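A.B. asks: Hey, dropping upload14.cif in here, mmCIF, C-alpha atoms:
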data_target
loop_
_atom_site.label_atom_id
_atom_site.label_comp_id
_atom_site.auth_asym_id
_atom_site.auth_seq_id
_atom_site.Cartn_x
_atom_site.Cartn_y
_atom_site.Cartn_z
CA MET A 1283 0.00 0.00 0.00
CA THR A 1284 1.17 3.56 -0.63
CA ASP A 1285 0.72 6.49 1.71
CA PRO A 1286 -1.23 9.34 0.05
CA ARG A 1287 0.40 11.80 2.46
CA ILE A 1288 3.78 11.23 0.82
CA PRO A 1289 4.48 14.20 -1.51
CA VAL A 1290 4.30 13.38 -5.19
CA THR A 1291 7.69 13.58 -6.91
CA GLU A 1292 8.43 15.01 -10.34
CA ASP A 1293 9.34 11.51 -11.57
CA GLU A 1294 5.88 10.34 -10.52
CA LEU A 1295 4.26 13.22 -12.38
CA HIS A 1296 6.18 12.27 -15.54
CA ALA A 1297 5.24 8.63 -15.06
CA TYR A 1298 1.60 9.67 -14.63
CA VAL A 1299 1.68 11.55 -17.93
CA ASP A 1300 3.29 8.55 -19.67
CA ASP A 1301 0.81 6.05 -18.12
CA GLU A 1302 3.71 4.29 -16.40
CA LEU A 1303 2.68 5.02 -12.81
CA PRO A 1304 1.70 1.98 -10.68
CA ALA A 1305 -2.07 1.70 -10.45
CA GLU A 1306 -2.06 1.91 -6.65
CA ARG A 1307 -0.41 5.34 -6.81
CA ARG A 1308 -2.58 6.95 -9.49
CA GLY A 1309 -5.33 7.97 -7.09
CA ASP A 1310 -2.79 9.61 -4.79
CA VAL A 1311 -1.33 11.58 -7.69
CA GLU A 1312 -4.77 12.71 -8.89
CA THR A 1313 -5.66 13.83 -5.35
CA TRP A 1314 -2.36 15.71 -5.20
CA LEU A 1315 -3.02 17.43 -8.53
CA SER A 1316 -6.48 18.55 -7.46
CA ALA A 1317 -4.89 20.29 -4.48
CA HIS A 1318 -1.83 21.67 -6.31
CA PRO A 1319 -2.86 23.70 -9.38
CA ASP A 1320 0.74 24.54 -10.33
CA ASP A 1321 1.59 20.84 -10.66
CA ALA A 1322 -1.68 20.23 -12.48
CA GLU A 1323 -0.72 22.91 -15.01
CA ARG A 1324 2.71 21.31 -15.48
CA VAL A 1325 1.09 17.94 -16.13
CA ARG A 1326 -1.28 19.53 -18.65
CA SER A 1327 1.61 21.20 -20.50
CA TRP A 1328 3.62 17.96 -20.52
CA ARG A 1329 0.67 16.10 -22.00
CA GLU A 1330 0.29 18.71 -24.71
CA MET A 1331 4.00 18.44 -25.48
CA ALA A 1332 3.79 14.63 -25.59
CA GLU A 1333 0.85 14.80 -27.98
CA THR A 1334 2.77 17.21 -30.21
CA LEU A 1335 5.84 14.97 -30.25
CA HIS A 1336 3.81 11.86 -30.96
CA ALA A 1337 1.96 13.56 -33.80
CA ARG A 1338 5.21 14.80 -35.32
CA TYR A 1339 7.53 11.84 -34.74
CA ASP A 1340 5.51 8.63 -34.23
CA SER A 1341 6.43 7.50 -37.74
CA VAL A 1342 10.00 6.93 -36.56
CA ALA A 1343 9.44 6.08 -32.89
CA ASP A 1344 9.39 2.33 -33.45
CA GLU A 1345 12.41 2.15 -35.75
CA PRO A 1346 15.19 -0.13 -34.43
CA VAL A 1347 18.29 1.52 -32.98
CA PRO A 1348 20.94 1.61 -35.74
CA GLN A 1349 23.93 -0.58 -34.96
CA ARG A 1350 26.23 2.38 -35.63
CA LEU A 1351 24.77 4.10 -32.53
CA SER A 1352 25.52 1.20 -30.19
CA ILE A 1353 27.36 2.64 -27.21
CA ASP A 1354 29.97 -0.13 -27.21
CA ARG A 1355 31.34 1.39 -30.43
CA LEU A 1356 32.94 4.09 -28.30
CA ALA A 1357 35.62 1.58 -27.34
CA ARG A 1358 36.17 0.15 -30.82
CA GLU A 1359 38.51 1.01 -33.63
CA PRO A 1360 37.16 3.52 -36.16
CA ARG A 1361 34.97 1.76 -38.65
CA LYS A 1362 35.60 1.15 -42.34
CA TRP A 1363 32.83 2.68 -44.34
CA MET A 1364 30.56 1.22 -47.00
CA TYR A 1365 29.62 3.94 -49.41
CA GLY A 1366 27.23 2.77 -52.11
CA ALA A 1367 23.98 2.38 -50.17
CA ILE A 1368 24.55 5.61 -48.28
CA ALA A 1369 25.22 7.63 -51.39
CA ALA A 1370 22.02 6.40 -52.98
CA THR A 1371 19.91 7.67 -50.08
CA LEU A 1372 21.25 11.19 -49.75
CA LEU A 1373 20.58 14.36 -51.68
CA ALA A 1374 23.80 16.28 -51.22
CA PHE A 1375 25.08 19.47 -52.68
CA ILE A 1376 27.13 22.45 -51.65
CA ALA A 1377 24.91 25.18 -50.25
CA GLY A 1378 25.35 28.41 -52.20
CA GLY A 1379 24.29 31.93 -51.57
CA GLY A 1380 27.65 33.69 -51.49
CA THR A 1381 27.92 34.14 -47.72
CA GLY A 1382 31.32 33.59 -46.17
CA TRP A 1383 30.30 30.88 -43.72
CA LEU A 1384 28.93 28.72 -46.54
CA ALA A 1385 31.97 29.14 -48.75
CA ARG A 1386 34.65 28.83 -46.08
CA GLY A 1387 37.21 26.02 -46.31
CA VAL A 1388 37.67 23.31 -48.86
CA ALA A 1389 35.25 20.72 -50.17
CA THR A 1390 35.12 17.60 -48.03
CA SER A 1391 35.00 14.12 -49.54
CA PRO A 1392 31.53 12.68 -50.21
CA SER A 1393 32.18 9.79 -47.83
CA THR A 1394 33.01 12.08 -44.89
CA PHE A 1395 29.88 14.14 -45.47
CA GLN A 1396 27.70 11.06 -45.86
CA ASN A 1397 29.07 9.23 -42.82
CA PHE A 1398 28.60 12.13 -40.46
CA THR A 1399 25.20 13.09 -41.83
CA VAL A 1400 23.77 9.57 -41.70
CA ASP A 1401 24.93 9.13 -38.09
CA ALA A 1402 23.55 12.53 -37.08
CA LEU A 1403 20.15 11.91 -38.67
CA ASP A 1404 19.92 8.45 -37.11
CA ALA A 1405 20.62 9.93 -33.68
CA HIS A 1406 18.15 12.75 -34.32
CA ARG A 1407 15.34 10.31 -35.19
CA LEU A 1408 16.15 8.08 -32.23
CA TYR A 1409 16.00 10.73 -29.52
CA VAL A 1410 13.58 13.46 -30.66
CA VAL A 1411 10.65 11.11 -29.98
CA GLU A 1412 11.58 10.76 -26.30
CA VAL A 1413 9.48 12.74 -23.84
CA ARG A 1414 11.03 11.74 -20.49
CA HIS A 1415 14.57 10.77 -21.49
CA PRO A 1416 15.66 12.64 -24.62
CA VAL A 1417 19.04 13.52 -23.08
CA GLU A 1418 21.50 12.31 -20.43
CA VAL A 1419 22.27 15.73 -18.93
CA PRO A 1420 19.51 18.39 -18.88
CA GLY A 1421 19.91 21.89 -20.24
CA SER A 1422 19.59 23.30 -16.72
CA GLU A 1423 23.11 21.90 -16.14
CA ARG A 1424 24.65 23.61 -19.18
CA THR A 1425 28.06 24.20 -17.57
CA HIS A 1426 28.39 20.61 -16.39
CA LEU A 1427 27.14 19.33 -19.76
CA GLN A 1428 29.78 21.32 -21.65
CA GLN A 1429 32.58 20.29 -19.30
CA TRP A 1430 31.60 16.61 -19.39
CA LEU A 1431 31.32 16.41 -23.18
CA THR A 1432 34.55 18.39 -23.62
CA LYS A 1433 36.41 15.95 -21.38
CA ARG A 1434 34.97 12.87 -23.07
CA CYS A 1435 35.19 14.10 -26.66
CA GLY A 1436 38.57 15.81 -26.59
CA TRP A 1437 37.64 19.22 -28.01
CA ASP A 1438 35.87 22.27 -26.62
CA VAL A 1439 32.18 21.35 -26.75
CA ARG A 1440 29.87 24.35 -26.41
CA ALA A 1441 26.10 24.46 -26.26
CA PRO A 1442 25.24 27.59 -28.27
CA GLU A 1443 22.56 30.01 -27.14
CA LEU A 1444 19.73 29.71 -29.67
CA GLY A 1445 17.09 31.85 -28.00
CA ALA A 1446 17.14 34.25 -30.94
CA THR A 1447 15.88 31.41 -33.15
CA GLY A 1448 13.16 30.47 -30.65
CA LEU A 1449 14.97 27.40 -29.30
CA LYS A 1450 15.81 26.37 -25.74
CA LEU A 1451 18.48 23.82 -24.77
CA VAL A 1452 16.88 20.52 -23.71
CA GLY A 1453 20.27 18.97 -22.89
CA GLY A 1454 22.76 16.58 -24.39
CA ARG A 1455 24.37 13.17 -24.39
CA LEU A 1456 27.49 11.30 -25.44
CA LEU A 1457 27.31 9.11 -28.56
CA PRO A 1458 29.69 6.98 -30.63
CA GLY A 1459 30.86 8.86 -33.72
CA PRO A 1460 32.58 7.93 -36.98
CA THR A 1461 36.07 8.17 -35.46
CA GLY A 1462 35.40 8.18 -31.71
CA PRO A 1463 33.08 9.97 -29.26
CA ALA A 1464 30.48 12.42 -30.53
CA SER A 1465 28.51 15.09 -28.69
CA PHE A 1466 24.77 15.40 -29.20
CA LEU A 1467 22.78 18.48 -28.16
CA MET A 1468 19.01 18.88 -28.41
CA TYR A 1469 17.01 22.10 -28.62
CA GLU A 1470 13.26 22.65 -28.54
CA SER A 1471 10.83 25.42 -29.45
CA ALA A 1472 7.75 26.41 -27.49
CA SER A 1473 5.64 24.44 -29.96
CA GLY A 1474 7.64 21.22 -29.50
CA GLU A 1475 9.76 21.55 -32.64
CA ARG A 1476 13.13 19.87 -32.00
CA PHE A 1477 16.55 20.38 -33.57
CA THR A 1478 19.81 18.65 -32.75
CA ILE A 1479 23.52 19.44 -33.08
CA TYR A 1480 25.87 16.49 -33.60
CA THR A 1481 29.63 17.06 -33.48
CA ALA A 1482 32.59 14.71 -33.85
CA LYS A 1483 36.25 14.77 -34.86
CA SER A 1484 36.74 15.04 -38.61
CA GLU A 1485 39.69 14.24 -40.85
CA ALA A 1486 38.78 17.33 -42.82
CA GLU A 1487 40.28 20.41 -41.16
CA ALA A 1488 37.63 22.54 -42.84
CA ALA A 1489 34.68 21.76 -45.13
CA GLN A 1490 31.99 23.73 -46.87
CA MET A 1491 28.37 23.73 -45.75
CA ARG A 1492 26.39 20.92 -47.36
CA TYR A 1493 22.71 20.05 -47.20
CA SER A 1494 21.05 16.63 -47.05
CA ALA A 1495 17.44 15.45 -46.83
CA GLN A 1496 16.13 12.03 -45.80
CA GLY A 1497 12.37 11.67 -45.69
CA ASN A 1498 10.96 14.41 -43.46
CA GLU A 1499 14.30 15.16 -41.84
CA SER A 1500 17.07 17.34 -43.19
CA ALA A 1501 20.57 18.27 -42.09
CA LEU A 1502 23.32 20.82 -42.69
CA PHE A 1503 26.92 19.63 -42.37
CA TRP A 1504 30.19 21.54 -42.16
CA ALA A 1505 33.64 21.10 -40.62
CA ASP A 1506 35.90 23.63 -38.99
CA ARG A 1507 39.23 23.20 -37.15
CA GLY A 1508 39.01 19.43 -37.41
CA VAL A 1509 35.51 19.14 -35.91
CA ALA A 1510 32.43 18.26 -37.98
CA TYR A 1511 29.02 19.74 -37.18
CA VAL A 1512 25.61 18.49 -38.30
CA VAL A 1513 22.43 20.43 -37.47
CA SER A 1514 19.32 18.30 -38.02
CA GLY A 1515 15.58 18.90 -37.86
CA VAL A 1516 12.19 18.77 -39.50
CA GLY A 1517 11.14 21.83 -41.42
CA ASP A 1518 12.07 23.96 -44.35
CA ARG A 1519 15.64 24.57 -45.37
CA SER A 1520 15.56 28.27 -44.52
CA ARG A 1521 14.68 27.49 -40.90
CA LEU A 1522 17.50 24.94 -40.67
CA THR A 1523 19.92 27.42 -42.25
CA GLN A 1524 18.95 30.11 -39.73
CA ILE A 1525 19.78 27.77 -36.85
CA ALA A 1526 23.00 26.48 -38.42
CA GLN A 1527 24.09 30.08 -39.11
CA SER A 1528 23.66 30.93 -35.44
CA VAL A 1529 25.60 27.82 -34.36
CA TYR A 1530 28.39 28.56 -36.81
CA ASP A 1531 28.67 32.22 -35.79
CA GLN A 1532 28.95 31.33 -32.10
CA MET A 1533 31.50 28.59 -32.68
CA GLU A 1534 33.52 30.93 -34.89
CA LYS A 1535 33.45 33.68 -32.27
CA ALA A 1536 34.53 31.21 -29.58
CA GLY A 1537 37.40 29.97 -31.74
CA GLY A 1538 35.90 26.59 -32.72
#
Take the structure in the file and write it out as structure tokens.
C.D. replies:
Amino acid sequence: MTDPRIPVTEDELHAYVDDELPAERRGDVETWLSAHPDDAERVRSWREMAETLHARYDSVADEPVPQRLSIDRLAREPRKWMYGAIAATLLAFIAGGGTGWLARGVATSPSTFQNFTVDALDAHRLYVVEVRHPVEVPGSERTHLQQWLTKRCGWDVRAPELGATGLKLVGGRLLPGPTGPASFLMYESASGERFTIYTAKSEAEAAQMRYSAQGNESALFWADRGVAYVVSGVGDRSRLTQIAQSVYDQMEKAGG
């Protein structure tokens, strides 16, 4: 038996929203919510967010986890790539427009672009559908998140401020990348729109901005100072470019 006088925790509220709360505790939570309007409003907003995410991403929620994202790959030797199938699935071209950030650097090899972009889009699809556990470290711990990923990845990982584009940092996690660890940051708009930033070491010291689309998702890739960046999301290319521009500008100002 549970004691209804025990305060309801935030984990229990999340479990209630996700229908994962033990049946014997549901009545206690509902009694708590009726007496605590602030918590009731949080639960309502979480449910709305969950409904938005399910409507937007349910088509990919049940896809199997790609083998390339298995965490044990962090301890393995860098993989040898297979190119043909990847190349057939990507629409890739150098983004034009004449702006300096798009034209900077030299052209990267198709395989490098494809490998990073496929991994980034796979990670994006895997985690944007999560309501309770989209990240390992929440955005409220930005300093710790940056320090942890920097230590594990081996370069200065920064979580850019994207408030000007209407996005708030959800948090981040560590992932296996093409040549070692990769950092993964997730951002979210007030309407539940999610974008992610995937970064990993690159053999290309610098590479031009390139665009790719797979189904409903699209990505912008570039490399600078030996680190590759991929910004992924659902939406039109201009929106993705706006976000990637902001990321690039902040990384450039910070020195990479």
A.B. asks: Using the chain letters and numbers from this file, what does the PyMOL selection byres ((chain A and resi 1504) around 7) select? Give the answer as a VMD selection string.
C.D. replies: chain A and resid 1489 to 1492 1502 to 1503 1505 to 1506 1510 to 1512
A.B. asks: Looking at all atoms listed in the file, which of A:Glu1418, A:Glu1443, A:Glu1485, A:Asp1531 is the one that sits closest to A:Leu1431?
C.D. replies: A:Glu1418
A.B. asks: What is the atom CA of A:Gly1445-atom CA of A:Pro1416 distance in Å, reported with one decimal?
C.D. replies: 19.6 Å
A.B. asks: Give the centre and edge lengths of an axis-aligned box, in Å to one decimal, that holds all listed atoms of stretch 1296-1309 of chain A with 3 Å on each side, as JSON.
C.D. replies:
{"center_x": 0.4, "center_y": 7.0, "center_z": -13.2, "size_x": 17.5, "size_y": 16.6, "size_z": 19.0}
A.B. asks: Considering all atoms listed in the file, state which residue in the set A:Arg1519, A:His1415, A:His1296, A:Arg1507 is at the smallest distance from A:Asp1438.
C.D. replies: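 Counting all atoms listed in the file, the residue closest to A:Asp1438 is A:Arg1507.
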A.B. asks: With the file shown as input, list the residues that the PyMOL selection byres ((chain A and resi 1520-1525) around 12) selects, as a PyMOL selection string.
C.D. replies: chain A and resi 1377-1379+1381+1383-1384+1442-1450+1469-1471+1475-1479+1491-1495+1499-1504+1512-1519+1526-1532
A.B. asks: Please compute the atom CA of A:Leu1295-atom CA of A:Trp1328 distance, one decimal, in Å.
C.D. replies: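 So the answer is 9.4 Å.
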A.B. asks: What does the PyMOL selection byres ((chain A and resi 1422) around 12) select in this file, as a PyMOL selection string?
C.D. replies: chain A and resi 1417-1421+1423-1428+1441+1450-1454
A.B. asks: Suppose you want the space between atom CA of A:Leu1467 and atom CA of A:Lys1535; what is it in Å?
C.D. replies: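 It comes out at 19.0 Å.
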A.B. asks: Between A:Arg1414, A:Thr1394, A:Arg1329, A:Arg1455, which is the closest to A:Ala1486 once you count all atoms listed in the file?
C.D. replies: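 For A:Ala1486, the nearest of the given residues is A:Thr1394.
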